[in-house]
Amino acid sequence: QSRLVESGGGLVQPGGSLRLSCAASGFSLDYYAIGWFRQAPGKEREGVSCISASDGSTYYAESVKGRFTISRDNAKNTAYLQMNSLLPEDTAVYYCAAVALEYCAGSTLVDFSSYDYWGQGSQVTVSS
């Protein structure tokens with residue numbers, strides 16, 4: 001069964017850090033761009049960041065630029081989202097997703113229906 005499994009969420013104080021992992025099983029991430037999304041209570045899902053399959057180029061939403069870092073380790077079939085300087089407004093359920101594209105850009109984070117695989121979601125709560 002092909003799927004994405006997320007881990008690494010939790011409760012952290014403002015200014016703290018968390019790293020989310022997104023491990024693929026049943027298929028290879030080599031040919032997939034990876035996107036990270038989040039959805040806060042009462043709000044629409046929004047794209048946070050993506051990383052290309054071909055050259056590892058990245059894109060970040062303005063709200064997280066300079067604080068979040070997306071990466072991938074194809075040897076481990078896993079993608080990551082390092083989140084630093086967390087703010088209360090970063091509180092949300094975070095999802096990773098994979099789409100069979102070489103390159104990603106801002107537009108890649110808009111069409112949710114284009115993604116082939118989704119993780120189960122990981123709660124991130126930023127609170128003192």
# chains A, B, ... in the order shown; residues from 1 in each chain; ligands from 1

call {"tool": "closest_atom_pairs", "arguments": {"of": "segment 48-100 of chain A", "to": "segment 23-33 of chain A", "cutoff": "9 Å", "atoms": "only C-alpha atoms", "output": "tab-separated table"}}
result
residue	atom	partner	partner_atom	distance
A:Cys50	CA	A:Ala33	CA	7.0
A:Ile51	CA	A:Ala33	CA	5.7
A:Ser52	CA	A:Ala33	CA	4.6
A:Ala53	CA	A:Ala33	CA	4.6
A:Ser54	CA	A:Tyr31	CA	7.3
A:Gly56	CA	A:Ala33	CA	8.7
A:Asn74	CA	A:Asp30	CA	6.0
A:Ala75	CA	A:Asp30	CA	8.8
A:Lys76	CA	A:Ala23	CA	7.9
A:Asn77	CA	A:Ala24	CA	5.7
A:Thr78	CA	A:Ala23	CA	4.3
A:Ala79	CA	A:Ala23	CA	6.5
A:Tyr80	CA	A:Ala23	CA	8.7
A:Ala97	CA	A:Ala33	CA	8.4
A:Ala98	CA	A:Tyr32	CA	5.7
A:Val99	CA	A:Tyr32	CA	5.2
A:Ala100	CA	A:Tyr32	CA	4.4

call {"tool": "write_last_selection", "arguments": {"atoms": "C-alpha atoms", "output": "PDB file, in the first residue's frame"}}
result
ATOM      1  CA  CYS A  50       7.352  22.763  -1.559  1.00  0.00           C
ATOM      2  CA  ILE A  51      10.510  21.135  -2.868  1.00  0.00           C
ATOM      3  CA  SER A  52      11.134  19.991  -6.424  1.00  0.00           C
ATOM      4  CA  ALA A  53      11.885  16.429  -7.413  1.00  0.00           C
ATOM      5  CA  SER A  54      14.583  17.204  -9.959  1.00  0.00           C
ATOM      6  CA  GLY A  56      15.694  20.279  -4.927  1.00  0.00           C
ATOM      7  CA  ASN A  74      15.678  10.460  -1.295  1.00  0.00           C
ATOM      8  CA  ALA A  75      17.905   7.717   0.093  1.00  0.00           C
ATOM      9  CA  LYS A  76      15.591   7.582   3.117  1.00  0.00           C
ATOM     10  CA  ASN A  77      12.491   8.219   1.003  1.00  0.00           C
ATOM     11  CA  THR A  78      11.615  11.009   3.405  1.00  0.00           C
ATOM     12  CA  ALA A  79      10.934  14.734   3.340  1.00  0.00           C
ATOM     13  CA  TYR A  80      11.232  17.175   6.234  1.00  0.00           C
ATOM     14  CA  ALA A  97       1.706  15.603   0.024  1.00  0.00           C
ATOM     15  CA  ALA A  98       3.428  14.262  -3.073  1.00  0.00           C
ATOM     16  CA  VAL A  99       2.734  15.196  -6.687  1.00  0.00           C
ATOM     17  CA  ALA A 100       4.344  13.676  -9.779  1.00  0.00           C
TER      18      ALA A 100
END

call {"tool": "residues_around", "arguments": {"residues": "Pro14 of chain A", "least_positions_apart": "3", "cutoff": "8 Å", "atoms": "only C-alpha atoms", "output": "JSON, numbers by chain"}}
result
{"A": [85, 86, 87, 88, 126, 127, 128]}

call {"tool": "write_last_selection", "arguments": {"atoms": "N, CA, C and O atoms", "output": "PDB file, in the first residue's frame"}}
result
ATOM      1  N   SER A  85      11.608  29.444  15.166  1.00  0.00           N
ATOM      2  CA  SER A  85      10.975  30.717  15.562  1.00  0.00           C
ATOM      3  C   SER A  85       9.459  30.628  15.434  1.00  0.00           C
ATOM      4  O   SER A  85       8.804  31.501  14.858  1.00  0.00           O
ATOM      5  N   LEU A  86       8.905  29.569  15.974  1.00  0.00           N
ATOM      6  CA  LEU A  86       7.473  29.319  15.815  1.00  0.00           C
ATOM      7  C   LEU A  86       6.641  30.380  16.524  1.00  0.00           C
ATOM      8  O   LEU A  86       7.008  30.876  17.606  1.00  0.00           O
ATOM      9  N   LEU A  87       5.520  30.694  15.915  1.00  0.00           N
ATOM     10  CA  LEU A  87       4.581  31.700  16.407  1.00  0.00           C
ATOM     11  C   LEU A  87       3.248  31.031  16.724  1.00  0.00           C
ATOM     12  O   LEU A  87       2.915  29.998  16.127  1.00  0.00           O
ATOM     13  N   PRO A  88       2.462  31.611  17.608  1.00  0.00           N
ATOM     14  CA  PRO A  88       1.135  31.030  17.890  1.00  0.00           C
ATOM     15  C   PRO A  88       0.296  30.862  16.624  1.00  0.00           C
ATOM     16  O   PRO A  88      -0.465  29.893  16.524  1.00  0.00           O
ATOM     17  N   VAL A 126       1.491  25.847  19.045  1.00  0.00           N
ATOM     18  CA  VAL A 126       2.475  26.796  19.574  1.00  0.00           C
ATOM     19  C   VAL A 126       1.787  27.634  20.633  1.00  0.00           C
ATOM     20  O   VAL A 126       0.917  28.456  20.324  1.00  0.00           O
ATOM     21  N   SER A 127       2.171  27.413  21.873  1.00  0.00           N
ATOM     22  CA  SER A 127       1.493  28.069  22.982  1.00  0.00           C
ATOM     23  C   SER A 127       2.392  28.089  24.203  1.00  0.00           C
ATOM     24  O   SER A 127       3.181  27.178  24.427  1.00  0.00           O
ATOM     25  N   SER A 128       2.240  29.143  24.994  1.00  0.00           N
ATOM     26  CA  SER A 128       2.989  29.229  26.245  1.00  0.00           C
ATOM     27  C   SER A 128       2.146  28.694  27.403  1.00  0.00           C
ATOM     28  O   SER A 128       2.607  28.660  28.542  1.00  0.00           O
TER      29      SER A 128
END

call {"tool": "residues_around", "arguments": {"residues": "Met83 of chain A", "least_positions_apart": "5", "cutoff": "8 Å", "atoms": "only C-alpha atoms", "output": "list in words"}}
result
Ser17, Leu18, Arg19, Leu20, Arg67, Phe68 and Thr69 of chain A

call {"tool": "select_by_dssp", "arguments": {"residues": "segment 3-80 of chain A", "states": "strand (DSSP E)", "output": "ChimeraX atom specification"}}
result
/A:3-7,10-12,18-25,33-39,46-51,58-60,68-73,78-80

call {"tool": "closest_residue", "arguments": {"among": "A:Val64, A:Val48, A:Cys96, A:Ile34", "to": "Trp118 of chain A", "atoms": "only C-alpha atoms"}}
result
A:Cys96

call {"tool": "atom_distance", "arguments": {"atom1": "atom CA of Gly42 of chain A", "atom2": "atom CA of Gly9 of chain A"}}
result
19.7 Å

call {"tool": "atom_distance", "arguments": {"atom1": "atom CA of Ser63 of chain A", "atom2": "atom CA of Asp90 of chain A"}}
result
9.1 Å

call {"tool": "atom_distance", "arguments": {"atom1": "atom CA of Gln123 of chain A", "atom2": "atom CA of Leu81 of chain A"}}
result
13.3 Å

call {"tool": "closest_residue", "arguments": {"among": "A:Asp73, A:Ser21, A:Cys104, A:Val12", "to": "Gln120 of chain A", "atoms": "only C-alpha atoms"}}
result
A:Ser21

call {"tool": "closest_residue", "arguments": {"among": "A:Gly8, A:Tyr103, A:Gly35, A:Gly15", "to": "Tyr117 of chain A", "atoms": "only C-alpha atoms"}}
result
A:Gly35

call {"tool": "closest_residue", "arguments": {"among": "A:Ala61, A:Leu11, A:Cys22, A:Ala40", "to": "Ser107 of chain A", "atoms": "only C-alpha atoms"}}
result
A:Ala61

call {"tool": "decode", "arguments": {"residues": "segment 90-108 of chain A", "atoms": "N, CA, C and O atoms", "output": "short mmCIF file (atom, residue, chain, number, x, y, z; two decimals), in the first residue's frame"}}
result
data_model
loop_
_atom_site.label_atom_id
_atom_site.label_comp_id
_atom_site.auth_asym_id
_atom_site.auth_seq_id
_atom_site.Cartn_x
_atom_site.Cartn_y
_atom_site.Cartn_z
N ASP A 90 1.22 29.83 13.89
CA ASP A 90 1.64 28.63 13.16
C ASP A 90 0.87 27.39 13.62
O ASP A 90 1.03 26.32 13.03
N THR A 91 0.08 27.53 14.66
CA THR A 91 -0.70 26.41 15.17
C THR A 91 -1.67 25.91 14.10
O THR A 91 -2.46 26.69 13.56
N ALA A 92 -1.58 24.63 13.80
CA ALA A 92 -2.41 24.05 12.74
C ALA A 92 -2.12 22.55 12.65
O ALA A 92 -1.17 22.06 13.27
N VAL A 93 -2.93 21.86 11.87
CA VAL A 93 -2.60 20.51 11.45
C VAL A 93 -1.79 20.63 10.16
O VAL A 93 -2.23 21.29 9.21
N TYR A 94 -0.64 20.01 10.15
CA TYR A 94 0.26 20.08 9.00
C TYR A 94 0.18 18.77 8.21
O TYR A 94 0.19 17.69 8.78
N TYR A 95 0.13 18.93 6.89
CA TYR A 95 0.04 17.78 5.99
C TYR A 95 1.18 17.83 4.98
O TYR A 95 1.50 18.91 4.46
N CYS A 96 1.76 16.68 4.68
CA CYS A 96 2.65 16.60 3.54
C CYS A 96 1.89 15.91 2.41
O CYS A 96 0.94 15.17 2.64
N ALA A 97 2.34 16.20 1.19
CA ALA A 97 1.71 15.60 0.02
C ALA A 97 2.74 15.48 -1.09
O ALA A 97 3.70 16.25 -1.14
N ALA A 98 2.52 14.51 -1.97
CA ALA A 98 3.43 14.26 -3.07
C ALA A 98 2.69 14.36 -4.40
O ALA A 98 1.58 13.83 -4.54
N VAL A 99 3.32 15.03 -5.35
CA VAL A 99 2.73 15.20 -6.69
C VAL A 99 3.81 14.85 -7.72
O VAL A 99 4.97 15.24 -7.58
N ALA A 100 3.40 14.13 -8.76
CA ALA A 100 4.34 13.68 -9.78
C ALA A 100 4.73 14.81 -10.72
O ALA A 100 4.28 14.89 -11.87
N LEU A 101 5.55 15.72 -10.21
CA LEU A 101 6.06 16.85 -10.96
C LEU A 101 7.55 17.00 -10.70
O LEU A 101 8.01 16.72 -9.60
N GLU A 102 8.28 17.47 -11.72
CA GLU A 102 9.71 17.69 -11.51
C GLU A 102 9.96 18.92 -10.66
O GLU A 102 10.82 18.94 -9.80
N TYR A 103 9.22 19.99 -10.96
CA TYR A 103 9.47 21.27 -10.31
C TYR A 103 8.24 21.73 -9.55
O TYR A 103 7.11 21.45 -9.93
N CYS A 104 8.48 22.49 -8.49
CA CYS A 104 7.37 23.09 -7.77
C CYS A 104 7.55 24.59 -7.74
O CYS A 104 8.66 25.11 -7.87
N ALA A 105 6.45 25.28 -7.54
CA ALA A 105 6.43 26.73 -7.43
C ALA A 105 5.22 27.10 -6.59
O ALA A 105 4.52 26.22 -6.09
N GLY A 106 4.98 28.40 -6.46
CA GLY A 106 3.83 28.81 -5.69
C GLY A 106 2.54 28.20 -6.19
O GLY A 106 1.67 27.81 -5.41
N SER A 107 2.43 28.10 -7.50
CA SER A 107 1.21 27.55 -8.08
C SER A 107 1.01 26.08 -7.72
O SER A 107 -0.13 25.58 -7.70
N THR A 108 2.09 25.40 -7.42
CA THR A 108 2.00 23.98 -7.05
C THR A 108 1.28 23.79 -5.73
O THR A 108 0.74 22.72 -5.46
#
